[in-house]
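Q: One file is attached below, my_file35.cif, containing mmCIF, C-alpha atoms and all ligand atoms.
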data_structure
#
loop_
_atom_site.group_PDB
_atom_site.id
_atom_site.type_symbol
_atom_site.label_atom_id
_atom_site.label_comp_id
_atom_site.auth_asym_id
_atom_site.auth_seq_id
_atom_site.Cartn_x
_atom_site.Cartn_y
_atom_site.Cartn_z
ATOM 1 C CA MET A 257 6.289 -8.120 -11.390
ATOM 2 C CA ALA A 258 3.504 -8.363 -8.855
ATOM 3 C CA SER A 259 2.736 -5.034 -7.283
ATOM 4 C CA SER A 260 1.363 -5.920 -3.891
ATOM 5 C CA SER A 261 2.906 -2.877 -2.246
ATOM 6 C CA SER A 262 1.796 0.689 -2.594
ATOM 7 C CA LEU A 263 5.453 1.527 -3.059
ATOM 8 C CA VAL A 264 5.678 -0.433 -6.252
ATOM 9 C CA LEU A 265 5.061 2.328 -8.727
ATOM 10 C CA HIS A 266 5.413 2.391 -12.425
ATOM 11 C CA ARG A 267 9.070 3.186 -12.992
ATOM 12 C CA CYS A 268 9.129 5.804 -10.336
ATOM 13 C CA TRP A 269 11.886 8.116 -9.268
ATOM 14 C CA PHE A 270 12.548 7.648 -5.615
ATOM 15 C CA LEU A 271 14.228 10.327 -3.583
ATOM 16 C CA SER A 272 16.098 8.125 -1.191
ATOM 17 C CA SER A 273 17.535 10.815 1.022
ATOM 18 C CA TYR A 274 14.264 12.064 2.356
ATOM 19 C CA GLN A 275 10.597 11.463 2.794
ATOM 20 C CA HIS A 276 9.137 11.803 -0.634
ATOM 21 C CA LEU A 277 8.674 9.661 -3.650
ATOM 22 C CA ALA A 278 8.530 11.741 -6.761
ATOM 23 C CA CYS A 279 7.396 10.312 -10.035
ATOM 24 C CA PRO A 280 8.029 12.902 -12.730
ATOM 25 C CA ARG A 281 6.477 10.795 -15.444
ATOM 26 C CA ILE A 282 3.202 10.284 -13.633
ATOM 27 C CA SER A 283 3.115 13.399 -11.440
ATOM 28 C CA LEU A 284 2.687 11.482 -8.249
ATOM 29 C CA ARG A 285 4.114 12.413 -4.899
ATOM 30 C CA LEU A 286 3.765 10.263 -1.824
ATOM 31 C CA THR A 287 4.879 10.759 1.711
ATOM 32 C CA LEU A 288 7.164 7.927 2.644
ATOM 33 C CA ASN A 289 6.099 6.966 6.138
ATOM 34 C CA PHE A 290 8.038 3.820 6.582
ATOM 35 C CA ASN A 291 11.509 2.696 7.406
ATOM 36 C CA PRO A 292 13.148 -0.667 8.101
ATOM 37 C CA VAL A 293 13.232 0.407 11.710
ATOM 38 C CA SER A 294 9.786 0.784 13.188
ATOM 39 C CA ALA A 295 8.621 4.185 14.402
ATOM 40 C CA ILE A 296 11.019 6.020 12.145
ATOM 41 C CA THR A 297 9.583 8.296 9.551
ATOM 42 C CA ALA A 298 12.566 10.089 8.076
ATOM 43 C CA VAL A 299 15.771 8.911 6.461
ATOM 44 C CA VAL A 300 18.709 11.252 6.100
ATOM 45 C CA THR A 301 22.207 10.434 4.938
ATOM 46 C CA SER A 302 25.009 10.561 7.439
ATOM 47 C CA SER A 303 26.745 13.141 5.287
ATOM 48 C CA THR A 304 23.586 15.260 5.400
ATOM 49 C CA VAL A 305 23.553 15.114 9.160
ATOM 50 C CA LYS A 306 27.201 16.110 9.247
ATOM 51 C CA ALA A 307 26.599 18.996 6.885
ATOM 52 C CA SER A 308 23.598 20.075 8.948
ATOM 53 C CA SER A 309 25.566 20.097 12.181
ATOM 54 C CA GLU A 310 28.395 22.065 10.640
ATOM 55 C CA ARG A 311 26.081 24.623 9.206
ATOM 56 C CA CYS A 312 24.156 24.846 12.474
ATOM 57 C CA SER A 313 27.255 25.645 14.429
ATOM 58 C CA SER A 314 28.082 28.449 12.050
ATOM 59 C CA GLY A 315 24.503 29.674 12.296
ATOM 60 C CA HIS A 316 23.695 29.314 8.602
ATOM 61 C CA LEU A 317 21.351 26.379 8.541
ATOM 62 C CA GLY A 318 17.704 27.014 7.923
ATOM 63 C CA LEU A 319 14.928 24.624 7.036
ATOM 64 C CA ARG A 320 12.691 25.946 4.340
ATOM 65 C CA THR A 321 8.998 25.220 4.516
ATOM 66 C CA SER A 322 7.150 24.176 1.416
ATOM 67 C CA ASN A 323 5.046 27.352 1.474
ATOM 68 C CA ARG A 324 6.137 29.028 -1.728
ATOM 69 C CA LYS A 325 4.013 32.113 -1.103
ATOM 70 C CA SER A 326 5.612 33.235 2.108
ATOM 71 C CA ASN A 327 8.939 31.670 1.176
ATOM 72 C CA GLN A 328 9.405 31.210 4.868
ATOM 73 C CA PHE A 329 12.875 30.140 5.944
ATOM 74 C CA LEU A 330 12.675 28.677 9.429
ATOM 75 C CA ARG A 331 15.781 28.697 11.536
ATOM 76 C CA ARG A 332 16.011 25.417 13.393
ATOM 77 C CA CYS A 333 18.947 23.690 14.904
ATOM 78 C CA SER A 334 19.844 20.368 16.364
ATOM 79 C CA THR A 335 17.485 20.281 19.362
ATOM 80 C CA ASN A 336 14.252 20.782 17.469
ATOM 81 C CA ALA A 337 13.135 17.821 15.411
ATOM 82 C CA PHE A 338 9.974 19.390 14.041
ATOM 83 C CA VAL A 339 9.222 21.919 11.371
ATOM 84 C CA VAL A 340 5.654 23.087 11.060
ATOM 85 C CA VAL A 341 4.765 23.627 7.471
ATOM 86 C CA ASN A 342 2.042 26.191 7.013
ATOM 87 C CA ASP A 343 0.611 25.613 3.647
ATOM 88 C CA GLU A 344 -2.888 26.376 2.447
ATOM 89 C CA LYS A 345 -2.773 23.665 -0.150
ATOM 90 C CA TYR A 346 -1.373 20.757 1.862
ATOM 91 C CA GLY A 347 -2.672 21.748 5.302
ATOM 92 C CA ASN A 348 -0.629 22.345 8.410
ATOM 93 C CA LYS A 349 1.780 19.470 8.826
ATOM 94 C CA GLN A 350 4.467 18.653 11.294
ATOM 95 C CA VAL A 351 7.408 17.370 9.292
ATOM 96 C CA ILE A 352 10.003 15.469 11.238
ATOM 97 C CA SER A 353 13.612 16.478 10.814
ATOM 98 C CA VAL A 354 16.580 14.456 12.030
ATOM 99 C CA THR A 355 18.710 15.692 14.882
ATOM 100 C CA PRO A 356 22.086 14.063 15.638
ATOM 101 C CA CYS A 357 20.483 12.490 18.691
ATOM 102 C CA LEU A 358 17.578 11.090 16.681
ATOM 103 C CA TYR A 359 19.954 9.813 14.032
ATOM 104 C CA ASP A 360 21.933 7.960 16.701
ATOM 105 C CA TYR A 361 18.677 6.313 17.707
ATOM 106 C CA ILE A 362 17.986 5.329 14.092
ATOM 107 C CA LEU A 363 21.434 3.784 13.706
ATOM 108 C CA ALA A 364 21.229 2.033 17.073
ATOM 109 C CA ASN A 365 18.004 0.388 15.914
ATOM 110 C CA THR A 366 19.119 -0.585 12.434
ATOM 111 C CA ARG A 367 19.746 -4.290 11.940
ATOM 112 C CA GLU A 368 23.024 -4.334 10.060
ATOM 113 C CA PRO A 369 24.250 -7.800 9.024
ATOM 114 C CA GLU A 370 27.688 -8.644 10.459
ATOM 115 C CA ILE A 371 29.327 -8.853 7.024
ATOM 116 C CA LEU A 372 28.128 -5.338 6.192
ATOM 117 C CA ARG A 373 29.468 -4.075 9.512
ATOM 118 C CA GLN A 374 32.871 -5.580 8.668
ATOM 119 C CA LEU A 375 32.869 -3.982 5.221
ATOM 120 C CA ARG A 376 31.850 -0.613 6.659
ATOM 121 C CA GLU A 377 34.645 -0.792 9.227
ATOM 122 C CA GLU A 378 37.239 -1.793 6.629
ATOM 123 C CA THR A 379 36.150 1.078 4.408
ATOM 124 C CA ALA A 380 35.939 3.673 7.206
ATOM 125 C CA SER A 381 39.590 4.702 6.980
ATOM 126 C CA MET A 382 39.611 4.772 3.183
ATOM 127 C CA ARG A 383 39.425 7.841 0.994
ATOM 128 C CA GLY A 384 35.825 8.444 -0.031
ATOM 129 C CA SER A 385 34.274 6.411 2.783
ATOM 130 C CA GLN A 386 31.721 9.173 3.340
ATOM 131 C CA MET A 387 30.269 8.194 -0.047
ATOM 132 C CA GLN A 388 29.029 4.891 1.303
ATOM 133 C CA VAL A 389 25.318 4.687 2.061
ATOM 134 C CA SER A 390 24.534 4.541 5.764
ATOM 135 C CA PRO A 391 23.351 1.321 7.457
ATOM 136 C CA ASP A 392 19.752 2.554 7.669
ATOM 137 C CA GLN A 393 19.742 3.448 3.975
ATOM 138 C CA ALA A 394 21.233 0.084 3.016
ATOM 139 C CA GLN A 395 18.514 -1.715 4.953
ATOM 140 C CA LEU A 396 15.889 0.470 3.301
ATOM 141 C CA LEU A 397 17.253 -0.582 -0.104
ATOM 142 C CA ALA A 398 17.259 -4.220 0.983
ATOM 143 C CA MET A 399 13.677 -3.915 2.165
ATOM 144 C CA LEU A 400 12.552 -2.367 -1.124
ATOM 145 C CA VAL A 401 14.186 -5.213 -3.032
ATOM 146 C CA GLN A 402 12.392 -7.728 -0.811
ATOM 147 C CA ILE A 403 9.016 -5.973 -1.053
ATOM 148 C CA LEU A 404 9.358 -5.965 -4.833
ATOM 149 C CA LYS A 405 10.457 -9.602 -4.819
ATOM 150 C CA ALA A 406 13.122 -8.306 -7.191
ATOM 151 C CA GLU A 407 15.315 -10.861 -8.945
ATOM 152 C CA ARG A 408 17.169 -8.675 -11.409
ATOM 153 C CA CYS A 409 18.798 -5.513 -10.107
ATOM 154 C CA ILE A 410 21.285 -2.871 -11.247
ATOM 155 C CA GLU A 411 23.547 -0.660 -9.181
ATOM 156 C CA VAL A 412 25.271 2.366 -10.678
ATOM 157 C CA GLY A 413 28.168 3.397 -8.396
ATOM 158 C CA VAL A 414 29.420 0.518 -6.261
ATOM 159 C CA TYR A 415 32.452 1.966 -4.450
ATOM 160 C CA THR A 416 33.548 -0.807 -2.035
ATOM 161 C CA GLY A 417 30.231 -2.590 -2.299
ATOM 162 C CA TYR A 418 28.261 -1.693 0.822
ATOM 163 C CA SER A 419 24.891 -0.986 -0.828
ATOM 164 C CA SER A 420 25.336 -3.655 -3.506
ATOM 165 C CA LEU A 421 26.155 -6.262 -0.859
ATOM 166 C CA ALA A 422 23.040 -5.257 1.105
ATOM 167 C CA ILE A 423 21.021 -5.866 -2.072
ATOM 168 C CA ALA A 424 22.792 -9.102 -3.034
ATOM 169 C CA LEU A 425 22.273 -10.533 0.452
ATOM 170 C CA VAL A 426 18.485 -10.368 0.106
ATOM 171 C CA LEU A 427 18.282 -11.527 -3.512
ATOM 172 C CA PRO A 428 17.150 -15.119 -4.046
ATOM 173 C CA GLU A 429 19.792 -17.658 -5.117
ATOM 174 C CA SER A 430 18.708 -17.158 -8.729
ATOM 175 C CA GLY A 431 18.964 -13.378 -8.313
ATOM 176 C CA HIS A 432 21.212 -11.210 -10.449
ATOM 177 C CA LEU A 433 22.776 -7.850 -9.648
ATOM 178 C CA VAL A 434 24.679 -5.870 -12.279
ATOM 179 C CA ALA A 435 27.167 -3.724 -10.349
ATOM 180 C CA CYS A 436 28.701 -0.837 -12.357
ATOM 181 C CA GLU A 437 31.862 0.860 -11.088
ATOM 182 C CA ARG A 438 34.797 2.620 -12.735
ATOM 183 C CA ASP A 439 37.282 2.354 -9.878
ATOM 184 C CA ALA A 440 39.184 -0.937 -9.961
ATOM 185 C CA LYS A 441 40.641 -0.593 -6.465
ATOM 186 C CA SER A 442 37.248 -0.162 -4.820
ATOM 187 C CA LEU A 443 35.890 -3.062 -6.834
ATOM 188 C CA GLU A 444 38.576 -5.388 -5.445
ATOM 189 C CA ILE A 445 37.236 -4.787 -1.941
ATOM 190 C CA ALA A 446 33.649 -5.189 -3.125
ATOM 191 C CA LYS A 447 34.456 -8.522 -4.769
ATOM 192 C CA LYS A 448 36.268 -9.738 -1.645
ATOM 193 C CA TYR A 449 33.129 -9.103 0.400
ATOM 194 C CA TYR A 450 30.736 -10.603 -2.171
ATOM 195 C CA GLU A 451 32.838 -13.731 -1.921
ATOM 196 C CA ARG A 452 33.026 -13.722 1.884
ATOM 197 C CA ALA A 453 29.262 -13.255 2.056
ATOM 198 C CA GLY A 454 28.694 -16.120 -0.391
ATOM 199 C CA VAL A 455 26.890 -13.929 -2.939
ATOM 200 C CA LEU A 456 29.574 -13.578 -5.622
ATOM 201 C CA HIS A 457 27.568 -15.808 -7.964
ATOM 202 C CA LYS A 458 24.694 -13.300 -7.863
ATOM 203 C CA VAL A 459 26.815 -10.255 -8.756
ATOM 204 C CA ASP A 460 27.848 -9.368 -12.287
ATOM 205 C CA VAL A 461 30.569 -6.740 -11.828
ATOM 206 C CA ARG A 462 30.934 -4.287 -14.722
ATOM 207 C CA TYR A 463 34.196 -2.395 -14.488
ATOM 208 C CA GLY A 464 34.131 0.837 -16.506
ATOM 209 C CA LEU A 465 31.824 3.729 -17.181
ATOM 210 C CA ALA A 466 28.316 2.972 -15.986
ATOM 211 C CA ALA A 467 26.588 4.652 -18.952
ATOM 212 C CA ASP A 468 28.526 2.366 -21.330
ATOM 213 C CA ALA A 469 27.499 -0.697 -19.349
ATOM 214 C CA LEU A 470 23.825 0.341 -19.359
ATOM 215 C CA LYS A 471 23.914 1.084 -23.099
ATOM 216 C CA SER A 472 25.481 -2.284 -23.858
ATOM 217 C CA MET A 473 22.807 -4.020 -21.769
ATOM 218 C CA ILE A 474 20.122 -2.321 -23.858
ATOM 219 C CA LEU A 475 21.897 -3.305 -27.096
ATOM 220 C CA ASN A 476 22.140 -6.812 -25.700
ATOM 221 C CA GLY A 477 18.331 -7.067 -25.636
ATOM 222 C CA GLU A 478 17.955 -6.633 -21.872
ATOM 223 C CA ALA A 479 15.387 -3.801 -22.069
ATOM 224 C CA CYS A 480 12.444 -4.125 -19.656
ATOM 225 C CA SER A 481 14.037 -7.074 -17.886
ATOM 226 C CA TYR A 482 15.116 -5.527 -14.572
ATOM 227 C CA ASP A 483 13.064 -5.084 -11.414
ATOM 228 C CA PHE A 484 15.127 -2.617 -9.425
ATOM 229 C CA ALA A 485 17.929 -0.090 -9.925
ATOM 230 C CA PHE A 486 19.909 2.033 -7.489
ATOM 231 C CA VAL A 487 21.820 5.050 -8.809
ATOM 232 C CA ASP A 488 24.644 6.432 -6.659
ATOM 233 C CA ALA A 489 27.441 7.652 -8.933
ATOM 234 C CA GLU A 490 28.331 11.116 -10.260
ATOM 235 C CA LYS A 491 25.289 13.323 -9.906
ATOM 236 C CA ARG A 492 25.510 15.293 -13.155
ATOM 237 C CA MET A 493 24.908 12.027 -15.001
ATOM 238 C CA ASN A 494 21.688 11.227 -13.139
ATOM 239 C CA GLN A 495 19.406 12.347 -15.951
ATOM 240 C CA GLU A 496 21.202 10.094 -18.428
ATOM 241 C CA TYR A 497 21.217 7.129 -16.023
ATOM 242 C CA PHE A 498 17.521 7.668 -15.380
ATOM 243 C CA GLU A 499 16.693 7.657 -19.104
ATOM 244 C CA LEU A 500 18.752 4.507 -19.693
ATOM 245 C CA LEU A 501 17.267 2.778 -16.671
ATOM 246 C CA LEU A 502 13.756 3.631 -17.812
ATOM 247 C CA GLN A 503 14.510 1.377 -20.760
ATOM 248 C CA LEU A 504 16.019 -1.403 -18.667
ATOM 249 C CA VAL A 505 13.587 -1.507 -15.748
ATOM 250 C CA LYS A 506 10.261 -3.145 -16.404
ATOM 251 C CA THR A 507 6.847 -1.714 -15.640
ATOM 252 C CA GLY A 508 6.196 -2.108 -11.928
ATOM 253 C CA GLY A 509 9.915 -1.900 -11.169
ATOM 254 C CA LEU A 510 11.639 0.742 -9.107
ATOM 255 C CA ILE A 511 14.479 3.172 -9.795
ATOM 256 C CA VAL A 512 16.058 4.633 -6.659
ATOM 257 C CA ILE A 513 18.296 7.674 -6.990
ATOM 258 C CA ASP A 514 20.442 8.860 -4.103
ATOM 259 C CA ASN A 515 21.252 12.437 -3.128
ATOM 260 C CA VAL A 516 18.453 13.984 -5.138
ATOM 261 C CA LEU A 517 17.953 16.757 -2.579
ATOM 262 C CA TRP A 518 21.715 17.276 -2.452
ATOM 263 C CA HIS A 519 22.010 18.327 1.192
ATOM 264 C CA GLY A 520 19.077 20.708 0.752
ATOM 265 C CA LYS A 521 20.883 22.713 -1.925
ATOM 266 C CA VAL A 522 18.039 22.188 -4.377
ATOM 267 C CA VAL A 523 16.097 24.866 -2.452
ATOM 268 C CA ASP A 524 19.000 26.965 -1.185
ATOM 269 C CA PRO A 525 18.888 30.303 -3.021
ATOM 270 C CA MET A 526 22.640 30.829 -2.483
ATOM 271 C CA SER A 527 23.431 27.511 -4.188
ATOM 272 C CA LEU A 528 21.091 28.259 -7.040
ATOM 273 C CA LEU A 529 22.691 31.674 -7.546
ATOM 274 C CA SER A 530 26.227 30.308 -7.518
ATOM 275 C CA ARG A 531 25.519 27.773 -10.259
HETATM 276 C C1 LIG B 601 28.772 7.458 -3.844
HETATM 277 S S1 LIG B 601 29.890 6.234 -4.363
HETATM 278 C C2 LIG B 601 28.936 4.768 -4.310
HETATM 279 C C3 LIG B 601 28.725 4.295 -2.918
HETATM 280 C C4 LIG B 601 28.095 2.935 -2.847
HETATM 281 N N1 LIG B 601 26.757 2.958 -3.395
HETATM 282 C C5 LIG B 601 28.092 2.453 -1.421
HETATM 283 O O1 LIG B 601 27.082 2.564 -0.748
HETATM 284 O O2 LIG B 601 29.157 2.028 -0.934
HETATM 285 C C6 LIG B 601 30.000 6.604 -6.062
HETATM 286 C C7 LIG B 601 30.829 5.624 -6.849
HETATM 287 O O3 LIG B 601 30.495 5.844 -8.216
HETATM 288 C C8 LIG B 601 31.649 5.627 -8.977
HETATM 289 N N2 LIG B 601 31.468 6.315 -10.246
HETATM 290 C C9 LIG B 601 31.455 7.644 -10.459
HETATM 291 N N3 LIG B 601 31.259 7.898 -11.753
HETATM 292 C C10 LIG B 601 31.145 6.710 -12.374
HETATM 293 C C11 LIG B 601 30.928 6.316 -13.720
HETATM 294 N N4 LIG B 601 30.795 7.217 -14.691
HETATM 295 N N5 LIG B 601 30.857 5.013 -14.003
HETATM 296 C C12 LIG B 601 30.989 4.083 -13.024
HETATM 297 N N6 LIG B 601 31.197 4.389 -11.737
HETATM 298 C C13 LIG B 601 31.275 5.687 -11.412
HETATM 299 C C14 LIG B 601 32.771 6.190 -8.140
HETATM 300 O O4 LIG B 601 34.015 5.600 -8.512
HETATM 301 C C15 LIG B 601 32.322 5.816 -6.748
HETATM 302 O O5 LIG B 601 32.943 4.628 -6.321
#
For this file, produce the structure as structure tokens.
Ligand SMILES: C[S@@+](CC[C@H](N)C(=O)[O-])C[C@H]1O[C@@H](n2cnc3c(N)ncnc32)[C@H](O)[C@@H]1O
A:
Amino acid sequence: MASSSSLVLHRCWFLSSYQHLACPRISLRLTLNFNPVSAITAVVTSSTVKASSERCSSGHLGLRTSNRKSNQFLRRCSTNAFVVVNDEKYGNKQVISVTPCLYDYILANTREPEILRQLREETASMRGSQMQVSPDQAQLLAMLVQILKAERCIEVGVYTGYSSLAIALVLPESGHLVACERDAKSLEIAKKYYERAGVLHKVDVRYGLAADALKSMILNGEACSYDFAFVDAEKRMNQEYFELLLQLVKTGGLIVIDNVLWHGKVVDPMSLLSR
């Protein structure tokens, strides 16, 4: 796979919910200063924004700086979009946060294809609809697939198909997306929309446990043959999915994993203590 973009990293681990790319295997961390919508530098899930607002109103939200020494815990709420990170090593940086108002702006400027809007609206009243990626995230995924010129993709965790449809829509006619999902009811909706969008021929739906599907693909001789993978299923399995996908995704490909920062809990001392 040609790697014309600086984002095309050797089998990297992409933290899709925020601004950093982290590549554990090659110890590389990049600031992600792009978004499908121009002038936007941060991407946050809608559920994160909701959680932030709730915690703000109860006065418990704080944004931690990356300064480990002072372990500073800044208290910021919805009106302030900036956190100043004082850090000897990285220099003083202004890191943008996302307020509800700013997130509205992001959504208002996201180009969501009509078919995705219809799927999102059909899913909105369903149980689990908050699991769906947001329109800005879906367009970020689509853009990554296009930048990579990906032809062979994998999605782990399809739900009703919003993110997989965003990917399938930008794949070339010869493109192939393996879509792994264990919930038959959700898959029925996904398949209906693949068909409506005219991309059903590009999507290979695998009903069942995603790890089993990935293992059978490896046994089937498909190692190193995929360009792009998106992981968005049960989080405790992420390590296993990552290891399996490292075998399936070729050098120069991209593995994107959602919810890695888990609403900020990865640095919340209370969450760490309660584990
Ligand atoms: C967060 S949702 C996916 C949302 C989807 N990416 C979207 O944007 O609409 C997670 C999905 O993973 C599925 N899932 C969870 N564990 C799974 C497993 N072991 N194998 C396959 N699918 C699984 C759930 O049924 C659920 O539909």
Q: Go through A:Gly464, A:Gly520, A:Pro525, A:Pro369 and flag the residue nearest ligand LIG 601 (chain B), using all atoms listed in the file for the distances.
A: A:Gly464
Q: Go through chain A residue by residue and, counting all atoms listed in the file, keep those with an atom at most 6 Å from ligand LIG 601 (chain B); for each kept residue give the shortest atom pair and its distance in Å to one decimal, ordered by chain and increasing number, as a tab-separated table.
A:
residue	atom	partner	partner_atom	distance
A:Met387	CA	B:LIG601	C1	4.1
A:Gln388	CA	B:LIG601	O2	3.6
A:Val389	CA	B:LIG601	O1	3.9
A:Gly413	CA	B:LIG601	O3	3.4
A:Val414	CA	B:LIG601	C4	4.4
A:Tyr415	CA	B:LIG601	O5	3.3
A:Thr416	CA	B:LIG601	O2	5.3
A:Gly417	CA	B:LIG601	O2	4.9
A:Tyr418	CA	B:LIG601	O2	4.2
A:Ser419	CA	B:LIG601	O1	4.2
A:Cys436	CA	B:LIG601	C12	5.5
A:Glu437	CA	B:LIG601	N6	3.6
A:Arg438	CA	B:LIG601	C12	4.1
A:Asp439	CA	B:LIG601	O4	4.8
A:Gly464	CA	B:LIG601	C12	5.7
A:Leu465	CA	B:LIG601	N5	3.6
A:Ala466	CA	B:LIG601	N5	3.8
A:Asp488	CA	B:LIG601	C1	5.1
A:Ala489	CA	B:LIG601	O3	3.6
A:Glu490	CA	B:LIG601	N3	4.6
Q: Can you tell me how far atom CA of A:Thr366 sits from atom CA of A:Ala398, in Å to one decimal?
A: 12.2 Å
Q: How far is it from atom CA of A:Glu378 to atom CA of A:Gly431, in Å with one decimal?
A: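 We find that atom CA of A:Glu378 and atom CA of A:Gly431 lie 26.3 Å from each other.
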Q: One decimal, Å: what's the distance from atom CA of A:Pro428 over to atom CA of A:Tyr497, could you say?
A: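 That distance, rounded to one decimal, is 25.6 Å.
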Q: Could you list the residues chosen by the PyMOL selection byres (((chain A and resi 397) around 12) and not hetatm) in this structure as a PDB file with C-alpha atoms, in the frame of the given file?
A:
ATOM      1  CA  PHE A 270      12.548   7.648  -5.615  1.00  0.00           C
ATOM      2  CA  LEU A 271      14.228  10.327  -3.583  1.00  0.00           C
ATOM      3  CA  SER A 272      16.098   8.125  -1.191  1.00  0.00           C
ATOM      4  CA  SER A 273      17.535  10.815   1.022  1.00  0.00           C
ATOM      5  CA  ASN A 291      11.509   2.696   7.406  1.00  0.00           C
ATOM      6  CA  PRO A 292      13.148  -0.667   8.101  1.00  0.00           C
ATOM      7  CA  VAL A 299      15.771   8.911   6.461  1.00  0.00           C
ATOM      8  CA  VAL A 389      25.318   4.687   2.061  1.00  0.00           C
ATOM      9  CA  SER A 390      24.534   4.541   5.764  1.00  0.00           C
ATOM     10  CA  PRO A 391      23.351   1.321   7.457  1.00  0.00           C
ATOM     11  CA  ASP A 392      19.752   2.554   7.669  1.00  0.00           C
ATOM     12  CA  GLN A 393      19.742   3.448   3.975  1.00  0.00           C
ATOM     13  CA  ALA A 394      21.233   0.084   3.016  1.00  0.00           C
ATOM     14  CA  GLN A 395      18.514  -1.715   4.953  1.00  0.00           C
ATOM     15  CA  LEU A 396      15.889   0.470   3.301  1.00  0.00           C
ATOM     16  CA  ALA A 398      17.259  -4.220   0.983  1.00  0.00           C
ATOM     17  CA  MET A 399      13.677  -3.915   2.165  1.00  0.00           C
ATOM     18  CA  LEU A 400      12.552  -2.367  -1.124  1.00  0.00           C
ATOM     19  CA  VAL A 401      14.186  -5.213  -3.032  1.00  0.00           C
ATOM     20  CA  GLN A 402      12.392  -7.728  -0.811  1.00  0.00           C
ATOM     21  CA  ILE A 403       9.016  -5.973  -1.053  1.00  0.00           C
ATOM     22  CA  LEU A 404       9.358  -5.965  -4.833  1.00  0.00           C
ATOM     23  CA  ALA A 406      13.122  -8.306  -7.191  1.00  0.00           C
ATOM     24  CA  CYS A 409      18.798  -5.513 -10.107  1.00  0.00           C
ATOM     25  CA  GLU A 411      23.547  -0.660  -9.181  1.00  0.00           C
ATOM     26  CA  TYR A 418      28.261  -1.693   0.822  1.00  0.00           C
ATOM     27  CA  SER A 419      24.891  -0.986  -0.828  1.00  0.00           C
ATOM     28  CA  SER A 420      25.336  -3.655  -3.506  1.00  0.00           C
ATOM     29  CA  LEU A 421      26.155  -6.262  -0.859  1.00  0.00           C
ATOM     30  CA  ALA A 422      23.040  -5.257   1.105  1.00  0.00           C
ATOM     31  CA  ILE A 423      21.021  -5.866  -2.072  1.00  0.00           C
ATOM     32  CA  ALA A 424      22.792  -9.102  -3.034  1.00  0.00           C
ATOM     33  CA  LEU A 425      22.273 -10.533   0.452  1.00  0.00           C
ATOM     34  CA  VAL A 426      18.485 -10.368   0.106  1.00  0.00           C
ATOM     35  CA  LEU A 427      18.282 -11.527  -3.512  1.00  0.00           C
ATOM     36  CA  PHE A 484      15.127  -2.617  -9.425  1.00  0.00           C
ATOM     37  CA  ALA A 485      17.929  -0.090  -9.925  1.00  0.00           C
ATOM     38  CA  PHE A 486      19.909   2.033  -7.489  1.00  0.00           C
ATOM     39  CA  VAL A 487      21.820   5.050  -8.809  1.00  0.00           C
ATOM     40  CA  LEU A 510      11.639   0.742  -9.107  1.00  0.00           C
ATOM     41  CA  ILE A 511      14.479   3.172  -9.795  1.00  0.00           C
ATOM     42  CA  VAL A 512      16.058   4.633  -6.659  1.00  0.00           C
ATOM     43  CA  ILE A 513      18.296   7.674  -6.990  1.00  0.00           C
ATOM     44  CA  ASP A 514      20.442   8.860  -4.103  1.00  0.00           C
TER      45      ASP A 514
END
Q: What residues come out when you apply the PyMOL selection byres (((chain A and resi 502-506) around 6) and not hetatm) to this file, written as an mmCIF file with C-alpha atoms, keeping the file's coordinate frame?
A:
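Generated file (result_1.cif):
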data_model
loop_
_atom_site.group_PDB
_atom_site.id
_atom_site.type_symbol
_atom_site.label_atom_id
_atom_site.label_comp_id
_atom_site.auth_asym_id
_atom_site.auth_seq_id
_atom_site.Cartn_x
_atom_site.Cartn_y
_atom_site.Cartn_z
ATOM 1 C CA ALA A 479 15.387 -3.801 -22.069
ATOM 2 C CA CYS A 480 12.444 -4.125 -19.656
ATOM 3 C CA SER A 481 14.037 -7.074 -17.886
ATOM 4 C CA TYR A 482 15.116 -5.527 -14.572
ATOM 5 C CA ASP A 483 13.064 -5.084 -11.414
ATOM 6 C CA GLU A 499 16.693 7.657 -19.104
ATOM 7 C CA LEU A 500 18.752 4.507 -19.693
ATOM 8 C CA LEU A 501 17.267 2.778 -16.671
ATOM 9 C CA THR A 507 6.847 -1.714 -15.640
ATOM 10 C CA GLY A 509 9.915 -1.900 -11.169
#
Q: Take the point (33.6, -5.1, 4.7) as written in the file and pick out every residue within 12 Å of it, counting all atoms listed in the file; give the list as a PyMOL selection string.
A: chain A and resi 368-382+385+388+415-422+442-453
